[in-house]
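Participant: Got my_file-v1.cif for you, mmCIF, C-alpha atoms:
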```cif
data_structure
#
loop_
_atom_site.label_atom_id
_atom_site.label_comp_id
_atom_site.auth_asym_id
_atom_site.auth_seq_id
_atom_site.Cartn_x
_atom_site.Cartn_y
_atom_site.Cartn_z
CA MET A 1 0.00 0.00 0.00
CA THR A 2 1.36 3.36 -0.92
CA ASN A 3 0.22 6.62 0.51
CA THR A 4 1.60 9.34 -1.72
CA GLU A 5 1.16 13.02 -1.05
CA GLU A 6 2.37 15.84 -3.26
CA GLY A 7 2.14 19.57 -3.57
CA VAL A 8 3.85 22.78 -4.49
CA PHE A 9 4.88 25.99 -2.73
CA PHE A 10 5.59 29.20 -4.59
CA LEU A 11 8.61 31.27 -3.63
CA THR A 12 9.21 34.97 -4.19
CA GLY A 13 12.69 36.38 -4.60
CA LYS A 14 13.84 38.83 -1.89
CA ASP A 15 10.83 37.98 0.30
CA PHE A 16 12.91 37.45 3.42
CA THR A 17 9.89 37.84 5.71
CA ASN A 18 8.51 34.55 4.46
CA ALA A 19 11.84 32.82 3.89
CA GLY A 20 11.45 29.38 5.40
CA ALA A 21 7.65 29.27 5.28
CA ALA A 22 7.60 26.62 2.53
CA SER A 23 10.16 24.42 4.29
CA SER A 24 8.25 24.86 7.52
CA SER A 25 5.05 23.66 5.83
CA LEU A 26 6.87 20.67 4.36
CA LYS A 27 8.28 19.88 7.79
CA GLY A 28 4.75 19.98 9.21
CA ILE A 29 3.53 17.55 6.55
CA LEU A 30 6.34 15.12 7.36
CA GLU A 31 5.63 15.40 11.08
CA ARG A 32 1.95 14.69 10.52
CA ARG A 33 2.89 11.59 8.51
CA GLY A 34 5.01 10.32 11.37
CA VAL A 35 8.31 10.42 9.46
CA PRO A 36 11.24 9.77 11.87
CA PRO A 37 12.63 13.01 13.40
CA ASP A 38 16.17 12.55 12.04
CA ILE A 39 14.80 12.20 8.50
CA ILE A 40 12.57 15.24 8.98
CA ARG A 41 15.52 17.26 10.24
CA ARG A 42 17.66 16.36 7.22
CA MET A 43 14.88 17.19 4.78
CA ALA A 44 13.92 20.42 6.57
CA ILE A 45 17.53 21.60 6.42
CA ALA A 46 17.93 20.70 2.73
CA ALA A 47 14.61 22.29 1.79
CA PHE A 48 15.39 25.44 3.76
CA GLU A 49 18.80 25.83 2.14
CA ALA A 50 17.22 25.43 -1.30
CA GLU A 51 14.39 27.82 -0.44
CA LEU A 52 16.88 30.42 0.77
CA ASN A 53 18.85 30.12 -2.46
CA VAL A 54 15.73 31.00 -4.44
CA ILE A 55 14.86 33.92 -2.18
CA ILE A 56 18.41 35.24 -2.17
CA TYR A 57 19.35 34.79 -5.81
CA ALA A 58 16.25 34.34 -7.98
CA VAL A 59 13.24 36.37 -9.05
CA ALA A 60 10.83 33.59 -8.19
CA GLY A 61 10.61 29.85 -7.94
CA MET A 62 8.69 26.88 -6.69
CA MET A 63 9.23 23.96 -4.39
CA LYS A 64 7.48 20.74 -5.36
CA TYR A 65 7.38 17.79 -3.03
CA ARG A 66 6.26 14.21 -3.26
CA VAL A 67 6.21 12.07 -0.17
CA THR A 68 5.69 8.33 -0.32
CA ASP A 69 5.94 5.76 2.46
CA THR A 70 9.56 5.18 1.55
CA GLU A 71 10.96 8.42 0.10
CA ILE A 72 10.68 12.18 0.08
CA PHE A 73 11.38 13.88 -3.26
CA VAL A 74 11.81 17.64 -3.55
CA THR A 75 12.32 19.73 -6.67
CA VAL A 76 13.19 23.39 -6.30
CA GLN A 77 13.05 25.27 -9.57
CA ASP A 78 13.80 28.95 -9.94
CA MET A 79 13.76 31.74 -12.45
CA GLY A 80 17.14 33.15 -11.70
CA GLN A 81 20.53 33.97 -13.07
CA GLY A 82 21.75 30.37 -13.14
CA ILE A 83 24.95 28.97 -11.65
CA PRO A 84 27.94 29.56 -13.96
CA ASP A 85 30.17 26.94 -12.38
CA ILE A 86 28.35 24.23 -10.40
CA GLU A 87 31.55 22.57 -9.24
CA LEU A 88 32.71 25.87 -7.77
CA ALA A 89 29.29 26.46 -6.17
CA MET A 90 29.57 23.02 -4.53
CA THR A 91 32.82 24.05 -2.85
CA GLU A 92 32.29 24.71 0.86
CA GLY A 93 32.86 28.38 1.59
CA TYR A 94 32.46 29.60 -1.97
CA SER A 95 29.76 32.27 -2.08
CA THR A 96 28.58 35.15 -4.24
CA ALA A 97 26.27 36.53 -1.55
CA THR A 98 26.13 40.23 -0.80
CA ASP A 99 26.85 41.84 2.57
CA HIS A 100 23.11 42.25 3.12
CA ILE A 101 22.65 38.47 2.92
CA ARG A 102 25.58 37.86 5.21
CA GLU A 103 24.18 40.27 7.80
CA MET A 104 21.16 37.99 8.00
CA GLY A 105 23.45 35.08 8.80
CA PHE A 106 23.50 33.40 5.40
CA GLY A 107 25.65 33.35 2.31
CA SER A 108 28.66 31.67 3.81
CA GLY A 109 28.95 29.25 0.91
CA MET A 110 27.58 26.19 2.70
CA GLY A 111 24.14 25.92 1.09
CA LEU A 112 24.61 23.51 -1.82
CA PRO A 113 27.23 21.40 -0.02
CA ASN A 114 24.82 21.13 2.92
CA ILE A 115 21.95 20.01 0.68
CA LYS A 116 24.24 17.34 -0.73
CA LYS A 117 25.31 16.30 2.75
CA SER A 118 21.76 16.16 4.11
CA THR A 119 20.15 14.16 1.30
CA ASP A 120 20.62 10.77 -0.34
CA ASN A 121 20.82 12.22 -3.82
CA LEU A 122 21.16 15.69 -5.29
CA ALA A 123 21.01 16.66 -8.94
CA ILE A 124 21.63 20.21 -10.11
CA ASN A 125 20.64 21.53 -13.49
CA SER A 126 21.35 25.15 -14.27
CA VAL A 127 20.95 27.22 -17.41
CA MET A 128 22.59 30.63 -17.42
CA GLY A 129 20.05 33.43 -17.65
CA GLU A 130 17.13 31.05 -17.21
CA GLY A 131 17.37 29.40 -13.84
CA THR A 132 18.38 26.50 -11.70
CA THR A 133 16.63 23.28 -10.75
CA LEU A 134 17.63 21.20 -7.76
CA GLU A 135 16.23 17.73 -7.31
CA PHE A 136 16.92 15.83 -4.14
CA PHE A 137 15.47 12.97 -2.17
CA ILE A 138 15.84 11.21 1.13
CA ARG A 139 14.94 7.57 1.73
CA ILE A 140 12.69 7.26 4.74
CA ARG A 141 13.47 3.61 5.29
CA SER A 142 17.01 3.17 4.15
CA GLY A 143 18.68 1.92 7.32
CA GLY A 144 22.16 2.99 8.22
CA THR A 145 21.15 6.56 8.96
CA GLU A 146 23.16 7.90 11.83
CA GLN A 147 21.49 9.10 14.97
CA ALA A 148 21.82 12.86 15.17
CA MET B 1 21.07 20.56 31.38
CA ASN B 2 17.53 21.87 31.77
CA LEU B 3 16.21 25.31 30.96
CA ALA B 4 15.99 26.38 34.58
CA GLU B 5 19.68 25.53 35.09
CA ILE B 6 20.59 27.47 31.96
CA LEU B 7 18.65 30.52 33.16
CA ASP B 8 20.54 30.32 36.42
CA THR B 9 23.95 29.74 34.82
CA LEU B 10 23.62 32.64 32.38
CA ASN B 11 21.57 34.88 34.65
CA ALA B 12 19.18 34.93 31.71
CA SER B 13 15.52 35.72 31.32
CA VAL B 14 12.82 34.25 29.10
CA LEU B 15 11.42 36.35 26.24
CA THR B 16 8.75 33.99 24.98
CA ASP B 17 5.31 33.52 26.43
CA LYS B 18 3.21 30.32 26.28
CA VAL B 19 6.20 28.19 25.34
CA THR B 20 7.00 25.21 27.51
CA LEU B 21 10.04 25.66 29.71
CA GLN B 22 10.19 21.95 30.44
CA LYS B 23 13.04 21.45 28.04
CA SER B 24 16.59 20.30 28.38
CA VAL B 25 19.65 20.12 26.15
CA GLU B 26 22.73 17.95 25.87
CA ASN B 27 24.72 20.07 23.40
CA ALA B 28 25.40 23.69 22.61
CA TYR B 29 26.20 25.43 19.36
CA CYS B 30 27.34 29.01 19.02
CA ALA B 31 27.22 31.07 15.82
CA ASP B 32 26.03 34.24 14.18
CA LEU B 33 26.19 32.44 10.85
CA MET B 34 22.95 30.58 10.37
CA SER B 35 24.56 28.74 7.45
CA ASP B 36 26.90 27.16 9.97
CA VAL B 37 24.04 26.24 12.29
CA LEU B 38 22.34 24.47 9.40
CA SER B 39 25.54 22.65 8.46
CA PHE B 40 27.07 21.71 11.78
CA SER B 41 24.67 21.89 14.70
CA THR B 42 23.29 18.80 16.37
CA THR B 43 19.96 17.92 17.91
CA LYS B 44 19.21 18.42 21.62
CA SER B 45 21.09 21.71 21.39
CA ILE B 46 20.87 25.24 22.70
CA LEU B 47 21.90 27.89 20.16
CA VAL B 48 23.95 30.79 21.50
CA THR B 49 23.84 33.73 19.10
CA GLY B 50 24.09 37.49 18.76
CA LEU B 51 21.83 37.58 15.72
CA THR B 52 18.20 38.44 16.48
CA ASN B 53 16.30 38.32 13.18
CA ALA B 54 13.47 35.99 12.21
CA GLN B 55 15.86 33.80 10.22
CA VAL B 56 17.39 32.64 13.49
CA ILE B 57 14.02 31.19 14.50
CA ARG B 58 13.52 29.57 11.08
CA THR B 59 17.00 28.11 11.24
CA ALA B 60 16.39 26.75 14.73
CA GLU B 61 13.11 25.26 13.57
CA MET B 62 14.70 23.43 10.63
CA ALA B 63 17.74 22.30 12.60
CA ALA B 64 15.54 21.12 15.50
CA ILE B 65 17.29 23.41 17.98
CA GLU B 66 15.61 23.18 21.39
CA MET B 67 16.13 26.75 22.60
CA ILE B 68 17.96 29.96 21.72
CA VAL B 69 19.87 32.36 23.97
CA PHE B 70 20.68 35.86 22.71
CA VAL B 71 23.84 37.36 24.16
CA GLN B 72 24.82 40.88 25.21
CA GLY B 73 21.24 41.78 26.07
CA LYS B 74 20.14 41.74 22.42
CA ARG B 75 16.43 41.28 21.97
CA PRO B 76 14.56 40.34 18.80
CA ASP B 77 11.50 42.32 17.72
CA SER B 78 8.01 41.23 18.77
CA GLN B 79 7.28 39.60 15.40
CA THR B 80 10.32 37.36 15.79
CA ILE B 81 9.30 36.47 19.34
CA ARG B 82 5.81 35.56 18.07
CA LEU B 83 7.32 33.27 15.44
CA ALA B 84 9.31 31.49 18.16
CA GLU B 85 6.15 31.12 20.25
CA GLU B 86 4.35 29.66 17.27
CA LYS B 87 7.20 27.18 16.76
CA GLN B 88 7.44 26.45 20.50
CA ILE B 89 11.08 27.47 20.73
CA PRO B 90 11.95 29.21 24.02
CA LEU B 91 13.98 32.41 23.60
CA LEU B 92 16.31 33.54 26.37
CA VAL B 93 18.40 36.67 26.73
CA THR B 94 21.52 37.22 28.80
CA ASP B 95 23.68 40.29 29.30
CA LEU B 96 26.80 38.12 29.08
CA SER B 97 29.05 38.30 26.04
CA MET B 98 29.06 35.36 23.66
CA PHE B 99 32.43 34.24 25.01
CA GLU B 100 31.30 34.42 28.62
CA ALA B 101 27.98 32.71 27.92
CA CYS B 102 29.67 29.84 26.06
CA GLY B 103 32.31 29.55 28.75
CA LYS B 104 29.73 29.20 31.49
CA LEU B 105 27.77 26.58 29.55
CA TYR B 106 30.99 24.68 28.84
CA GLU B 107 31.84 24.81 32.53
CA ARG B 108 28.49 23.18 33.25
CA GLY B 109 29.29 20.32 30.91
CA LEU B 110 27.72 21.27 27.57
CA ARG B 111 29.74 20.54 24.43
CA SER B 112 29.48 20.99 20.65
CA LYS B 113 29.46 17.87 18.59
CA LEU B 114 30.14 18.50 14.94
CA HIS B 115 27.37 16.93 12.95
CA ARG B 116 28.42 14.92 9.93
CA HIS B 117 26.27 12.47 8.03
CA ASN B 118 28.16 9.25 7.53
CA GLN B 119 26.57 8.49 4.22
CA THR B 120 28.11 8.93 0.82
CA PRO B 121 25.46 10.56 -1.33
CA THR B 122 25.47 10.00 -5.04
CA ILE B 123 25.43 13.23 -6.94
CA LYS B 124 25.75 14.29 -10.50
CA CYS B 125 28.02 17.18 -9.61
CA GLN B 126 31.04 16.24 -7.58
CA ALA B 127 32.18 18.63 -4.89
CA LYS B 128 35.86 19.35 -4.68
CA SER B 129 37.52 17.55 -1.84
CA HIS B 130 39.97 19.60 0.12
#
```
Output the file's structure in the form of structure tokens.
Facilitator:
Amino acid sequence: MTNTEEGVFFLTGKDFTNAGAASSSLKGILERRGVPPDIIRRMAIAAFEAELNVIIYAVAGMMKYRVTDTEIFVTVQDMGQGIPDIELAMTEGYSTATDHIREMGFGSGMGLPNIKKSTDNLAINSVMGEGTTLEFFIRIRSGGTEQA
Amino acid sequence: MNLAEILDTLNASVLTDKVTLQKSVENAYCADLMSDVLSFSTTKSILVTGLTNAQVIRTAEMAAIEMIVFVQGKRPDSQTIRLAEEKQIPLLVTDLSMFEACGKLYERGLRSKLHRHNQTPTIKCQAKSH
């Protein structure tokens, strides 16, 4: 028996007041479904990092999720400037964030590496001048997940 | 270490209303960089920070931080406090500096464990190892 749930949240660039609202909603859905707390924490962190990237760097975007009994899939697609060098963007500490972003406590160049670290799979597709799509998932019942 | 002991240790006060104070922590993490909190903090933690914006609450929510203490008497605005109440995250404030606050918590036995997932994720884009 599978019990699949899916949905989408819309994200607005520079809307720092609501930054995190989508990830918070996703977290609530996972909690309601009784997903183990360590899995929820990893997905909440990955989703929040991805949501922040859209709000910081893009004009707009959306976060789609699909939760099954065994996996959580998230796609975050934005209309943004694109990532010129993905390998460089995956380097811990590399950032193009402005001082304004840093004053809020973000933009230290840990976002994409942290999404990779927190999930079981991350794929990045970016087209310059058009936008970036991140796809990541976490297995709910994979075994071997460390206790946080 | 429970919240009452932390209040006593840091001579701190509680900013949130209607949030349970029956909480305790095993670890502490200290940062003004929320990116670092998201990357390295652990569960069952208190966050010690000098940053008071709403993103601190969101970060704590995602990282499952149990409680937050603001140092040097810094207080967030009422909207940020309301968000913390909604998320049931107690907010504390102390007049101590970040160094002093961390030192006192360390003295009482709290530590930072660096959080690393022991999995090897498969990705299409390889990060540089260094």
Participant: Quick check, in Å to one decimal: how far apart do atom CA of Leu47 of chain B and atom CA of Arg102 of chain A lie?
Facilitator: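 Computing it gives 18.3 Å between the two atoms.
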Participant: Could you tell me which residues the PyMOL selection byres ((chain A and resi 115-129) around 6) returns for this structure, as a list in words?
Facilitator: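 That expression, the PyMOL selection byres ((chain A and resi 115-129) around 6), corresponds here to Arg42, Ala46, Gln81, Gly82, Ile83, Leu112, Pro113, Asn114, Glu130, Gly131, Thr132, Thr133, Leu134, Glu135, Phe136, Phe137 and Ile138 of chain A; Pro121, Thr122, Ile123 and Lys124 of chain B.
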Participant: Run the PyMOL selection byres ((chain B and resi 98-114) around 8) against the file shown and list the residues it catches, as a list in words.
Facilitator: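 On this input, the PyMOL selection byres ((chain B and resi 98-114) around 8) captures Met1, Ile6, Thr9, Leu10, Glu26, Asn27, Ala28, Tyr29, Cys30, Phe40, Ser41, Thr42, Val48, Thr49, Gly50, Val71, Gln72, Thr94, Leu96, Ser97, His115 and Arg116 of chain B.
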Participant: Once the PyMOL selection byres ((chain B and resi 34) around 7) has been evaluated on this model, what residues remain selected, and can you format them as a ChimeraX atom specification?
Facilitator: /A:105-106 /B:31-33,35-38,56,59
Participant: For atom CA of Phe9 of chain A and atom CA of Thr75 of chain A, quote the distance in Å rounded to one decimal.
Facilitator: 10.5 Å
Participant: What separation in Å, quoted to one decimal, exists between atom CA of Gly61 of chain A and atom CA of Phe48 of chain A?
Facilitator: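 Pair atom CA of Gly61 of chain A / atom CA of Phe48 of chain A returns 13.4 Å.
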Participant: I'd like the contact shell of Ala19 of chain A - 8 Å cut-off, only C-alpha atoms, skipping same-chain residues fewer than 2 positions apart - returned as a list in words.
Facilitator: Asp15, Phe16, Thr17, Ala21, Ala22, Glu51, Leu52 and Ile55 of chain A; Gln55 of chain B
Participant: From the options B:Lys87, B:Arg58, B:Lys23, B:Lys18, which residue's atoms come nearest to chain A, counting only C-alpha atoms?
Facilitator: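 Closest candidate: B:Arg58.
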Participant: Near Asn3 of chain A, counting all atoms listed in the file, which residues have an atom at most 12 Å away, once you skip same-chain residues fewer than 5 positions from it, shown as JSON, numbers by chain?
Facilitator: {"A": [33, 66, 67, 68, 69, 70, 71, 72]}
Participant: So which one's closest to chain B, A:Arg139, A:Arg41, A:Lys14, A:Arg32? Using only C-alpha atoms, please.
Facilitator: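 Of all the options, A:Arg41 lies closest to chain B.
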Participant: Name all residues at most 8 Å from Ile65 of chain B (count all atoms listed in the file; drop same-chain ones fewer than 6 positions away) and give them as a list in words.
Facilitator: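 Once the adjacent positions are removed, what remains is Thr42, Thr43, Lys44, Ser45, Ile46, Leu47 and Ile89 of chain B.
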Participant: Given the selection you just returned, output its residues as a file containing C-alpha atoms, formatted as an mmCIF file, in the frame of the given file.
Facilitator:
```cif
data_model
loop_
_atom_site.group_PDB
_atom_site.id
_atom_site.type_symbol
_atom_site.label_atom_id
_atom_site.label_comp_id
_atom_site.auth_asym_id
_atom_site.auth_seq_id
_atom_site.Cartn_x
_atom_site.Cartn_y
_atom_site.Cartn_z
ATOM 1 C CA THR B 42 23.290 18.800 16.370
ATOM 2 C CA THR B 43 19.960 17.920 17.910
ATOM 3 C CA LYS B 44 19.210 18.420 21.620
ATOM 4 C CA SER B 45 21.090 21.710 21.390
ATOM 5 C CA ILE B 46 20.870 25.240 22.700
ATOM 6 C CA LEU B 47 21.900 27.890 20.160
ATOM 7 C CA ILE B 89 11.080 27.470 20.730
#
```
Participant: Taking all atoms listed in the file into account, name the residue in B:Glu86, B:Asp95, B:Asp8, B:Asp17 that is nearest to chain A.
Facilitator: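 The closest residue to chain A is B:Glu86.
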Participant: From the options A:Ala60, A:Glu31, A:Arg141, A:Pro37, which residue's atoms come nearest to Phe10 of chain A, counting all atoms listed in the file?
Facilitator: A:Ala60
Participant: Which of these residues is nearest to Ile45 of chain A, using only C-alpha atoms: B:Val93, B:Ala84, B:Val25, B:Ala60?
Facilitator: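 So, comparing all the options, the nearest one is B:Ala60.
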Participant: Keeping just N, CA, C and O atoms, export segment 92-117 of chain A of this structure as a compact mmCIF listing (two decimals), in the first residue's frame.
Facilitator:
```txt
# COMPACT_ATOMS: atom_id res chain seq x y z
N GLU A 92 32.65 24.10 -0.43
CA GLU A 92 32.29 24.71 0.86
C GLU A 92 33.01 26.04 1.02
O GLU A 92 34.22 26.12 0.85
N GLY A 93 32.26 27.07 1.35
CA GLY A 93 32.86 28.38 1.59
C GLY A 93 32.82 29.29 0.39
O GLY A 93 33.01 30.50 0.53
N TYR A 94 32.54 28.74 -0.80
CA TYR A 94 32.46 29.60 -1.97
C TYR A 94 31.08 30.24 -2.01
O TYR A 94 30.06 29.57 -1.94
N SER A 95 31.04 31.57 -2.11
CA SER A 95 29.76 32.27 -2.08
C SER A 95 29.81 33.53 -2.93
O SER A 95 30.86 34.15 -3.06
N THR A 96 28.68 33.88 -3.52
CA THR A 96 28.58 35.15 -4.24
C THR A 96 27.59 36.07 -3.53
O THR A 96 27.09 37.02 -4.10
N ALA A 97 27.27 35.75 -2.29
CA ALA A 97 26.27 36.53 -1.55
C ALA A 97 26.76 37.94 -1.23
O ALA A 97 27.95 38.17 -1.07
N THR A 98 25.81 38.84 -1.13
CA THR A 98 26.13 40.23 -0.80
C THR A 98 26.24 40.40 0.72
O THR A 98 25.84 39.51 1.48
N ASP A 99 26.73 41.55 1.14
CA ASP A 99 26.85 41.84 2.57
C ASP A 99 25.49 41.78 3.26
O ASP A 99 25.39 41.32 4.40
N HIS A 100 24.47 42.24 2.55
CA HIS A 100 23.11 42.25 3.12
C HIS A 100 22.68 40.83 3.52
O HIS A 100 22.11 40.61 4.58
N ILE A 101 22.99 39.87 2.65
CA ILE A 101 22.65 38.47 2.92
C ILE A 101 23.46 37.95 4.10
O ILE A 101 22.95 37.25 4.98
N ARG A 102 24.71 38.33 4.13
CA ARG A 102 25.58 37.86 5.21
C ARG A 102 25.16 38.42 6.56
O ARG A 102 25.28 37.75 7.59
N GLU A 103 24.65 39.67 6.54
CA GLU A 103 24.18 40.27 7.80
C GLU A 103 23.01 39.48 8.38
O GLU A 103 22.79 39.49 9.58
N MET A 104 22.27 38.80 7.51
CA MET A 104 21.16 37.99 8.00
C MET A 104 21.62 36.62 8.48
O MET A 104 20.83 35.83 8.98
N GLY A 105 22.91 36.34 8.29
CA GLY A 105 23.45 35.08 8.80
C GLY A 105 23.60 34.01 7.74
O GLY A 105 23.89 32.86 8.06
N PHE A 106 23.40 34.40 6.47
CA PHE A 106 23.50 33.40 5.40
C PHE A 106 24.59 33.80 4.42
O PHE A 106 25.29 34.78 4.61
N GLY A 107 24.70 33.01 3.36
CA GLY A 107 25.65 33.35 2.31
C GLY A 107 27.09 33.05 2.67
O GLY A 107 28.00 33.74 2.24
N SER A 108 27.29 32.01 3.47
CA SER A 108 28.66 31.67 3.81
C SER A 108 29.20 30.56 2.91
O SER A 108 30.27 30.01 3.15
N GLY A 109 28.44 30.23 1.88
CA GLY A 109 28.95 29.25 0.91
C GLY A 109 28.81 27.81 1.37
O GLY A 109 29.57 26.94 0.97
N MET A 110 27.79 27.55 2.20
CA MET A 110 27.58 26.19 2.70
C MET A 110 26.28 25.57 2.17
O MET A 110 26.01 24.40 2.43
N GLY A 111 25.49 26.35 1.46
CA GLY A 111 24.14 25.92 1.09
C GLY A 111 24.10 24.65 0.25
O GLY A 111 23.56 23.63 0.70
N LEU A 112 24.65 24.70 -0.96
CA LEU A 112 24.61 23.51 -1.82
C LEU A 112 25.36 22.33 -1.21
O LEU A 112 24.85 21.21 -1.23
N PRO A 113 26.56 22.54 -0.66
CA PRO A 113 27.23 21.40 -0.02
C PRO A 113 26.38 20.79 1.10
O PRO A 113 26.38 19.57 1.29
N ASN A 114 25.64 21.64 1.81
CA ASN A 114 24.82 21.13 2.92
C ASN A 114 23.61 20.35 2.41
O ASN A 114 23.18 19.38 3.04
N ILE A 115 23.06 20.78 1.26
CA ILE A 115 21.95 20.01 0.68
C ILE A 115 22.47 18.63 0.27
O ILE A 115 21.84 17.61 0.53
N LYS A 116 23.63 18.61 -0.34
CA LYS A 116 24.24 17.34 -0.73
C LYS A 116 24.46 16.43 0.48
O LYS A 116 24.15 15.25 0.48
N LYS A 117 24.99 17.06 1.53
CA LYS A 117 25.31 16.30 2.75
C LYS A 117 24.05 15.75 3.44
O LYS A 117 24.07 14.67 4.01
```
